[in-house]
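Enquirer: Pasting a structure below so you can have a look.
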Amino acid sequence: MSSASLWRFKQSSVIPGFGITLGYTLLYLGLIVLLPLGALVTKATSIGLTGILSTAADPRVAAALWTSFGVSLIAAGVASVFGLLVAWVLTRYDFPGRKLVDAMVDLPFALPTAVAGIALAALYAPNGWIGSFLEPLGIRVAYTPLGIFVALVFIGLPFAVRTVQPLIAEIEGELEEASATLGASRWRTIWGILLPPLLPGILTGFALAFARAVGEYGSVIFIAGNLPYVSEIAPLLIVIKLSEYDYTGATVIATIMLAISFAALLLINLIQAWSRRRYGYV
Amino acid sequence: MSDLSAALPRPVESQLSVVTERKLVRWVAIGIALAFLLLFLVLPLIVVFAEAFKRGLAGYFAAFQEEDALSAIGLTLTVAAIAVPLNLVFGLAASWAIAKFEFKGKSLLITLIDLPFSVSPVVSGLIYLLLFGAQGLWGSWFMAHGIKIAFALPGIVLATVFVTFPFVARQLIPLMQEQGTTEEEAALTLGASGWRTFLTVTLPNIKWGLLYGVLLCNARAMGEFGAVSVVSGHIRGLTNTIPLHVEILYNEYNFVAAFAVASLLACLALLTLALKSFLEWRHGADLAGGASH
C-alpha cells in the first residue's frame with residue numbers, strides 16, 4: 001500500500017542510512033542555523049514594521065546603511081573589473097610565476113579579516129608605505145570612506161576572479177578563429193564574441209562580492225576611522241548598539257542587512273537561471 | 001566560493017596570432033594585473049611581517065611571552081578542535097543523505113545549508129545573543145541554572161560552528177553526487193554492511209575533497225573575528241581568541257605585539273593556501289564534482 005501511494009517522499013534505494021543521516025542533518029541544521037535565525041525573525045516581528053522603519057530612519061542608522069551599501073556597490077564594481085582582468089591574464093597568458101599568483105588570489109579568503117584590517121590600516125596610514133606616497137597628493141585613505149573602499153575591494157577580489165575564471169577557460173577556440181577569419185579586429189572579437197558569454201560570471205561575482213562586502217566587519221573597522229555619519233558601517237553600528245544593550249536597534253539593522261543580502265542571493269539565482277537558458281551553463 | 005578554482009590548465013604556448021592579443025597588449029595587461037595584486041594582496045601580507053619584526057626577534061617573541069597571548073592561542077585551538085569535528089560529522093551526514101538518495105525538497109535543503117555564508121559575521125554573533133544573552137529568549141533560564149553560554153566558551157564555539165557550517169558539506173555534496181551510487185551498490189550486493197561500505201568504498205573516494213573542506217573550515221574557524229567578537233565579551237585571558245587579542249593589542253597602540261600575534265594567523269593563511277594549491281594541483285580531479293560551481 002505504502003509503496004503504491006502516488007506521492008512518495010523518497011525514491012527507493014538499496015543504500016542504507018537515509019533516515020539517520022537526513023535526521024541528523026535536519027536536527028543539526030535546525031539547532032545551529034534555523035533556531036538562532038528564527039530568534040532574529042521573532043525579535044524583528046515583535047518590533048514590527050513601523051518600529052523597524054522608525055529605527056531605520058534614525059539619521060545615524062540611515063547614514064551607516066548608506067555608507068555600507070554605497071561603498072560596497074562601488075567596491076564590488078571595481079573588484080569585478082580588476083577581477084576580470086586578473087582572471088583573463090591568469091587563464092589566457094603565460095608568464096613566470098603564474099601558478100603562484102593564481103594561488104595568491106585566494107589570500108583574502110584565507111587571511112583572517114582582523115589581520116587584513118590592521119595590515120591595510122598600517123599600509124594606508126599617513127606614515128604607511130602607501131599612505132606616505134598619497135599624503136603629498138592630498139589623498140587620505142585611512143580613516144575615511146576611501147579606506148572602507150580599499151578593504152572591500154580586497155575582500156571582494158577572489159569572488160570576482162573565481163566566478164569568471166572557469167568561463168574564460170571554457171571559451172572555445174573555434175569561435176574566435178571564425179571571427180578572425182571573417183575579418184573582425186581583435187578588439188571586436190573580444191567585445192562581440194568573448195566577453196558576452198562571460199557576463200553571467202561577472203554579474204555573479206559582482207553579486208557575491210557585494211553580499212560579502214555589505215556584511216564585512218573585521219577588515220573594515222581598523223582602516224575606516226569609524227566616524228559616525230561619515231565612515232561608520234552598518235555592522236559596526238550593530239556592535240555599538242549591542243554594547244549599549246540596545247538589542248532592538250541591533251536587530252533592526254541586522255534585519256535590513258539580511259533582507260539586502262537575500263535580495264543579492266536571489267539576484268544570483270536569477271542570473272544563473274537566465275544564463276542557463278541563454279548560454280546553457282552557469 | 002573558494003572551491004571554484006579547479007586545477008589551472010596551462011595556456012597554449014604558441015597561440016595563433018589572430019586569437020590572442022599583440023605582445024605589447026599582453027604585457028601591459030599582465031603588468032596592470034600584477035601591479036594591482038601587488039598593491040592589494042602582497043603588500044598587506046608583507047606589512048604584517050615587517051611590522052611584527054620592527055623591533056627585531058626579541059620584540060617579536062616578547063609578544064608570545066604574555067600570559068594573555070598564550071591563553072588566546074589556547075582558546076583558539078580549543079574552539080577549532082570542537083567546531084571543526086562537529087562540522088565534519090555534519091558534512092558527512094548531509095552529503096550522504098543528499099548525494100546518495102533522491103527525495104523531495106533536496107534543493108531547499110542545500111540552500112539552507114548554504115545560508116550561513118550569506119549572513120554577516122556580526123549578525124551571526126547577534127543571533128546567538130538574541131537566544132542566550134541576558135535579554136535573550138532563553139538567557140534568563142540558562143542564567144538561573146548557572147549555565148554561561150554568551151560571553152563564554154559555548155557561545156564562541158556556537159558562533160564559530162555557524163560561520164564554518166557549510167564548508168565541509170559544500171565540498172562533499174557535489175563530489176559525492178558526481179560519483180553516484182554504483183560502487184556502493186556493488187559493495188552492498190556483495191554483502192558488505194552499510195558502515196563497511198562507507199569506510200572502504202565511499203571514504204577513499206572522497207578523502208581529498210574531505211581534507212580540502214576541513215582545511216578551509218579550520219582556517220575560517222581559527223580566524224573568525226566578527227561573530228566571535230560579538231559573543232565573546234572580550235574578557236582578557238578568558239574569552240579572547242587570537243584575532244580578538246590582535247584587536248586589543250592594536251587598540252592599545254601595542255603595534256609590534258599586535259602584528260606579531262597577527263603573523264601567526266598570516267602563517268596559518270599561507271599554510272592553508274599552500275596545502276589547498278597542492279591538493280588542487282595533485283588531486284584536482286578528486287576534488288571537484290564535474291562542474292565546479
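Following the order of the C-alpha cells, first chain is A, next is B, and so on, with residues numbered from 1 inside each chain and ligands from 1 in the order they appear.
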Counting only C-alpha atoms, which residues of segment 12-130 of chain B sit at most 12 Å from some atom of segment 200-208 of chain A, and what is each one's closest atom pair with its distance in Å to one decimal, listed by chain and rising residue number, as a tab-separated table?
Expert:
```
residue	atom	partner	partner_atom	distance
B:Phe117	CA	A:Leu208	CA	10.1
B:Ser118	CA	A:Leu208	CA	8.8
B:Val119	CA	A:Leu208	CA	11.9
```
Enquirer: Give me, as a tab-separated table, the closest atom pair and its distance (Å, one decimal) for every residue of segment 139-176 of chain A within a cut-off of 10 Å of segment 38-41 of chain B, counting only C-alpha atoms, rows sorted by chain and rising number.
Expert:
```
residue	atom	partner	partner_atom	distance
A:Val150	CA	B:Phe40	CA	8.1
A:Ala151	CA	B:Phe40	CA	8.9
A:Val153	CA	B:Phe40	CA	8.2
A:Phe154	CA	B:Phe40	CA	6.1
A:Ile155	CA	B:Phe40	CA	9.7
A:Leu157	CA	B:Phe40	CA	9.2
```
Enquirer: Would you export the selected residues with N, CA and C atoms as a short mmCIF file (atom, residue, chain, number, x, y, z; two decimals), in the first residue's frame, please?
Expert:
```cif
data_model
loop_
_atom_site.label_atom_id
_atom_site.label_comp_id
_atom_site.auth_asym_id
_atom_site.auth_seq_id
_atom_site.Cartn_x
_atom_site.Cartn_y
_atom_site.Cartn_z
N VAL A 150 38.90 50.46 0.03
CA VAL A 150 40.09 49.63 -0.19
C VAL A 150 39.90 48.25 0.46
N ALA A 151 39.40 48.23 1.69
CA ALA A 151 39.22 46.96 2.40
C ALA A 151 38.20 46.08 1.67
N VAL A 153 37.39 46.12 -1.57
CA VAL A 153 37.94 45.59 -2.82
C VAL A 153 38.79 44.36 -2.51
N PHE A 154 39.60 44.46 -1.46
CA PHE A 154 40.44 43.34 -1.04
C PHE A 154 39.59 42.10 -0.79
N ILE A 155 38.49 42.29 -0.03
CA ILE A 155 37.62 41.17 0.34
C ILE A 155 36.88 40.60 -0.88
N LEU A 157 37.74 40.71 -4.19
CA LEU A 157 38.52 40.30 -5.36
C LEU A 157 38.42 38.80 -5.69
#
```
Enquirer: With chain A as the partner and 7 Å as the cut-off, tabulate the residues of chain B that qualify, each row holding the nearest pair of atoms and their distance in Å to one decimal, using only C-alpha atoms, sorted by chain and rising number, as a Markdown table.
Expert:
```
| residue | atom | partner | partner_atom | distance |
| --- | --- | --- | --- | --- |
| B:Met1 | CA | A:Phe159 | CA | 6.6 |
| B:Leu4 | CA | A:Arg162 | CA | 5.9 |
| B:Ser5 | CA | A:Arg162 | CA | 6.1 |
| B:Pro11 | CA | A:Arg92 | CA | 5.6 |
| B:Val18 | CA | A:Ala180 | CA | 6.1 |
| B:Val19 | CA | A:Glu176 | CA | 6.1 |
| B:Glu21 | CA | A:Arg186 | CA | 6.9 |
| B:Ala29 | CA | A:Val89 | CA | 6.9 |
| B:Ile30 | CA | A:Val89 | CA | 5.9 |
| B:Ala33 | CA | A:Val86 | CA | 5.3 |
| B:Phe40 | CA | A:Phe154 | CA | 6.1 |
| B:Pro44 | CA | A:Ala119 | CA | 5.1 |
| B:Val47 | CA | A:Ala119 | CA | 6.1 |
| B:Val48 | CA | A:Ala119 | CA | 5.7 |
| B:Phe90 | CA | A:Thr25 | CA | 6.3 |
| B:Ala93 | CA | A:Thr21 | CA | 4.7 |
| B:Ala94 | CA | A:Thr25 | CA | 5.3 |
| B:Trp96 | CA | A:Thr21 | CA | 6.8 |
| B:Ala97 | CA | A:Leu22 | CA | 5.3 |
| B:Glu102 | CA | A:Gln11 | CA | 5.6 |
| B:Phe103 | CA | A:Lys10 | CA | 4.2 |
| B:Lys104 | CA | A:Phe9 | CA | 5.6 |
| B:Ser118 | CA | A:Ser261 | CA | 6.5 |
| B:Val119 | CA | A:Leu258 | CA | 6.6 |
| B:Ser120 | CA | A:Gly215 | CA | 4.2 |
| B:Pro121 | CA | A:Gly215 | CA | 6.8 |
| B:Val122 | CA | A:Pro235 | CA | 6.1 |
| B:Val123 | CA | A:Ala254 | CA | 6.0 |
| B:Ile127 | CA | A:Pro36 | CA | 5.2 |
| B:Tyr128 | CA | A:Pro36 | CA | 6.0 |
| B:Leu130 | CA | A:Ala39 | CA | 6.3 |
| B:Leu131 | CA | A:Ala39 | CA | 6.4 |
| B:Phe162 | CA | A:Ile32 | CA | 6.2 |
| B:Glu185 | CA | A:Ile15 | CA | 6.7 |
| B:Gly194 | CA | A:Pro16 | CA | 5.9 |
| B:Ala219 | CA | A:Ala110 | CA | 6.4 |
| B:Gly223 | CA | A:Pro112 | CA | 4.5 |
| B:Glu224 | CA | A:Pro112 | CA | 6.4 |
| B:Phe225 | CA | A:Gly218 | CA | 6.1 |
| B:Gly226 | CA | A:Gly218 | CA | 5.9 |
| B:Val230 | CA | A:Val239 | CA | 6.7 |
| B:Pro243 | CA | A:Ala114 | CA | 6.1 |
| B:Ala262 | CA | A:Val115 | CA | 5.7 |
| B:Leu265 | CA | A:Pro112 | CA | 6.8 |
| B:Ala266 | CA | A:Leu111 | CA | 6.1 |
| B:Ala269 | CA | A:Ala110 | CA | 4.9 |
| B:Thr272 | CA | A:Ala110 | CA | 6.9 |
| B:Leu273 | CA | A:Ala103 | CA | 6.7 |
| B:Ser277 | CA | A:Ala103 | CA | 6.2 |
```
Enquirer: Can you list every residue in segment 23-207 of chain B that DSSP puts in helix (DSSP H, G or I), as a VMD selection string?
Expert: chain B and resid 23 to 52 56 to 62 67 to 100 106 to 118 121 to 132 139 to 144 153 to 163 167 to 179 182 to 189 194 to 207
Enquirer: What's the 6 Å shell around segment 139-147 of chain A, counting only C-alpha atoms, without same-chain residues fewer than 4 positions away, as a PyMOL selection string?
Expert: chain A and resi 124-125+134-135+223-225+231
Enquirer: Tell me, in Å to one decimal, how far atom CA of Trp27 of chain B is from atom CA of Leu167 of chain A.
Expert: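 Atom-to-atom, atom CA of Trp27 of chain B and atom CA of Leu167 of chain A are spaced 22.0 Å apart.
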Enquirer: Can you tell me, as a PyMOL selection string, what residues are no more than 9 Å from His234 of chain B when counting only C-alpha atoms, ignoring any on the same chain fewer than 3 positions away?
Expert: chain B and resi 151+229-231+237-241+244-245+248
Enquirer: Please provide as a list in words all residues within 7 Å of Leu287 of chain B, with the sequence filter that same-chain residues fewer than 2 positions apart are discarded (counting only C-alpha atoms).
Expert: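 Everything that qualifies: Leu175, Trp208, Gly209, His283, Gly284, Ala285 and Gly289 of chain B.
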Enquirer: Please produce a file of those selected residues containing all heavy atoms, as a CSV table (one decimal), in the first residue's frame.
Expert:
```
chain,number,residue,atom,x,y,z
B,175,LEU,N,30.8,16.6,-5.0
B,175,LEU,CA,31.7,15.5,-5.3
B,175,LEU,C,31.0,14.1,-5.2
B,175,LEU,O,31.2,13.3,-6.1
B,175,LEU,CB,32.9,15.5,-4.2
B,175,LEU,CG,33.9,14.5,-4.3
B,175,LEU,CD1,34.7,14.5,-5.6
B,175,LEU,CD2,34.9,14.7,-3.2
B,208,TRP,N,40.2,13.3,-0.4
B,208,TRP,CA,40.9,14.5,-0.8
B,208,TRP,C,39.9,15.7,-0.7
B,208,TRP,O,40.3,16.8,-0.2
B,208,TRP,CB,41.5,14.5,-2.1
B,208,TRP,CG,42.6,13.4,-2.2
B,208,TRP,CD1,42.6,12.3,-3.0
B,208,TRP,CD2,43.8,13.4,-1.4
B,208,TRP,NE1,43.8,11.6,-2.8
B,208,TRP,CE2,44.5,12.2,-1.8
B,208,TRP,CE3,44.4,14.2,-0.5
B,208,TRP,CZ2,45.7,11.9,-1.3
B,208,TRP,CZ3,45.6,13.9,0.1
B,208,TRP,CH2,46.3,12.7,-0.3
B,209,GLY,N,38.7,15.5,-1.1
B,209,GLY,CA,37.7,16.5,-1.0
B,209,GLY,C,37.4,16.8,0.4
B,209,GLY,O,37.2,18.0,0.8
B,283,HIS,N,45.5,16.6,-6.8
B,283,HIS,CA,44.3,15.8,-6.8
B,283,HIS,C,43.1,16.5,-7.3
B,283,HIS,O,42.0,16.3,-6.9
B,283,HIS,CB,44.0,15.3,-5.3
B,283,HIS,CG,45.2,14.6,-4.7
B,283,HIS,ND1,45.4,13.3,-5.0
B,283,HIS,CD2,46.1,15.0,-3.9
B,283,HIS,CE1,46.5,12.9,-4.4
B,283,HIS,NE2,47.0,13.9,-3.7
B,284,GLY,N,43.3,17.5,-8.2
B,284,GLY,CA,42.3,18.3,-8.8
B,284,GLY,C,41.0,17.5,-9.2
B,284,GLY,O,39.9,17.9,-8.9
B,285,ALA,N,41.3,16.4,-9.9
B,285,ALA,CA,40.1,15.6,-10.4
B,285,ALA,C,39.3,15.0,-9.2
B,285,ALA,O,38.1,14.7,-9.4
B,285,ALA,CB,40.6,14.5,-11.3
B,289,GLY,N,33.4,17.9,-8.2
B,289,GLY,CA,32.5,17.0,-8.9
B,289,GLY,C,32.0,17.6,-10.2
B,289,GLY,O,31.0,18.3,-10.2
```
Enquirer: As a VMD selection string, please: the residues near Pro154 of chain B (cut-off 10 Å, only C-alpha atoms, same-chain neighbours under 5 positions excluded).
Expert: chain B and resid 79 147 to 149 159 to 160 231 to 232
Enquirer: Okay, now the selection with all heavy atoms, as a JSON list (two decimals), in the first residue's frame?
Expert:
```json
[["chain", "number", "residue", "atom", "x", "y", "z"],
["B", 79, "VAL", "N", 38.60, 26.03, 20.46],
["B", 79, "VAL", "CA", 37.38, 26.29, 19.68],
["B", 79, "VAL", "C", 37.42, 25.53, 18.36],
["B", 79, "VAL", "O", 36.45, 24.87, 17.98],
["B", 79, "VAL", "CB", 37.20, 27.81, 19.44],
["B", 79, "VAL", "CG1", 36.10, 28.08, 18.45],
["B", 79, "VAL", "CG2", 36.90, 28.51, 20.76],
["B", 147, "ILE", "N", 24.25, 28.28, 33.84],
["B", 147, "ILE", "CA", 24.98, 27.87, 32.63],
["B", 147, "ILE", "C", 25.33, 29.12, 31.83],
["B", 147, "ILE", "O", 24.43, 29.88, 31.44],
["B", 147, "ILE", "CB", 24.12, 26.92, 31.77],
["B", 147, "ILE", "CG1", 23.68, 25.72, 32.61],
["B", 147, "ILE", "CG2", 24.89, 26.45, 30.54],
["B", 147, "ILE", "CD1", 22.58, 24.90, 31.96],
["B", 148, "LYS", "N", 26.60, 29.35, 31.63],
["B", 148, "LYS", "CA", 27.03, 30.52, 30.85],
["B", 148, "LYS", "C", 27.25, 30.11, 29.40],
["B", 148, "LYS", "O", 28.04, 29.23, 29.12],
["B", 148, "LYS", "CB", 28.32, 31.10, 31.44],
["B", 148, "LYS", "CG", 28.06, 31.98, 32.66],
["B", 148, "LYS", "CD", 29.14, 33.04, 32.80],
["B", 148, "LYS", "CE", 28.88, 34.15, 31.82],
["B", 148, "LYS", "NZ", 29.45, 35.41, 32.07],
["B", 149, "ILE", "N", 26.54, 30.75, 28.49],
["B", 149, "ILE", "CA", 26.75, 30.47, 27.07],
["B", 149, "ILE", "C", 27.29, 31.70, 26.37],
["B", 149, "ILE", "O", 28.38, 31.67, 25.80],
["B", 149, "ILE", "CB", 25.44, 29.97, 26.42],
["B", 149, "ILE", "CG1", 25.09, 28.60, 27.02],
["B", 149, "ILE", "CG2", 25.59, 29.87, 24.91],
["B", 149, "ILE", "CD1", 23.88, 27.94, 26.47],
["B", 159, "ALA", "N", 29.06, 30.29, 17.70],
["B", 159, "ALA", "CA", 29.21, 31.27, 16.63],
["B", 159, "ALA", "C", 30.20, 30.77, 15.58],
["B", 159, "ALA", "O", 30.00, 30.96, 14.37],
["B", 159, "ALA", "CB", 29.68, 32.61, 17.20],
["B", 160, "THR", "N", 31.26, 30.10, 16.04],
["B", 160, "THR", "CA", 32.26, 29.58, 15.10],
["B", 160, "THR", "C", 31.67, 28.45, 14.26],
["B", 160, "THR", "O", 31.89, 28.38, 13.04],
["B", 160, "THR", "CB", 33.50, 29.07, 15.86],
["B", 160, "THR", "OG1", 33.98, 30.12, 16.69],
["B", 160, "THR", "CG2", 34.60, 28.65, 14.91],
["B", 231, "VAL", "N", 29.99, 37.67, 20.50],
["B", 231, "VAL", "CA", 29.56, 36.78, 21.59],
["B", 231, "VAL", "C", 30.60, 36.60, 22.68],
["B", 231, "VAL", "O", 30.30, 36.02, 23.72],
["B", 231, "VAL", "CB", 29.18, 35.37, 21.08],
["B", 231, "VAL", "CG1", 27.92, 35.41, 20.25],
["B", 231, "VAL", "CG2", 30.31, 34.74, 20.32],
["B", 232, "SER", "N", 31.83, 37.11, 22.46],
["B", 232, "SER", "CA", 32.88, 36.76, 23.43],
["B", 232, "SER", "C", 32.88, 37.64, 24.66],
["B", 232, "SER", "O", 33.26, 37.21, 25.74],
["B", 232, "SER", "CB", 34.25, 36.81, 22.76],
["B", 232, "SER", "OG", 34.95, 37.96, 23.16]]
```
Enquirer: Suppose you want the space between atom CA of Ile32 of chain B and atom CA of Ala274 of chain B; what is it in Å?
Expert: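 Answer for the atom CA of Ile32 of chain B to atom CA of Ala274 of chain B separation: 24.8 Å.
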Enquirer: Select, from B:Ile206, B:Val246, B:Leu211, B:Ala144, the residue with the minimum atom-to-atom distance to Asp286 of chain B, counting only C-alpha atoms.
Expert: B:Ile206
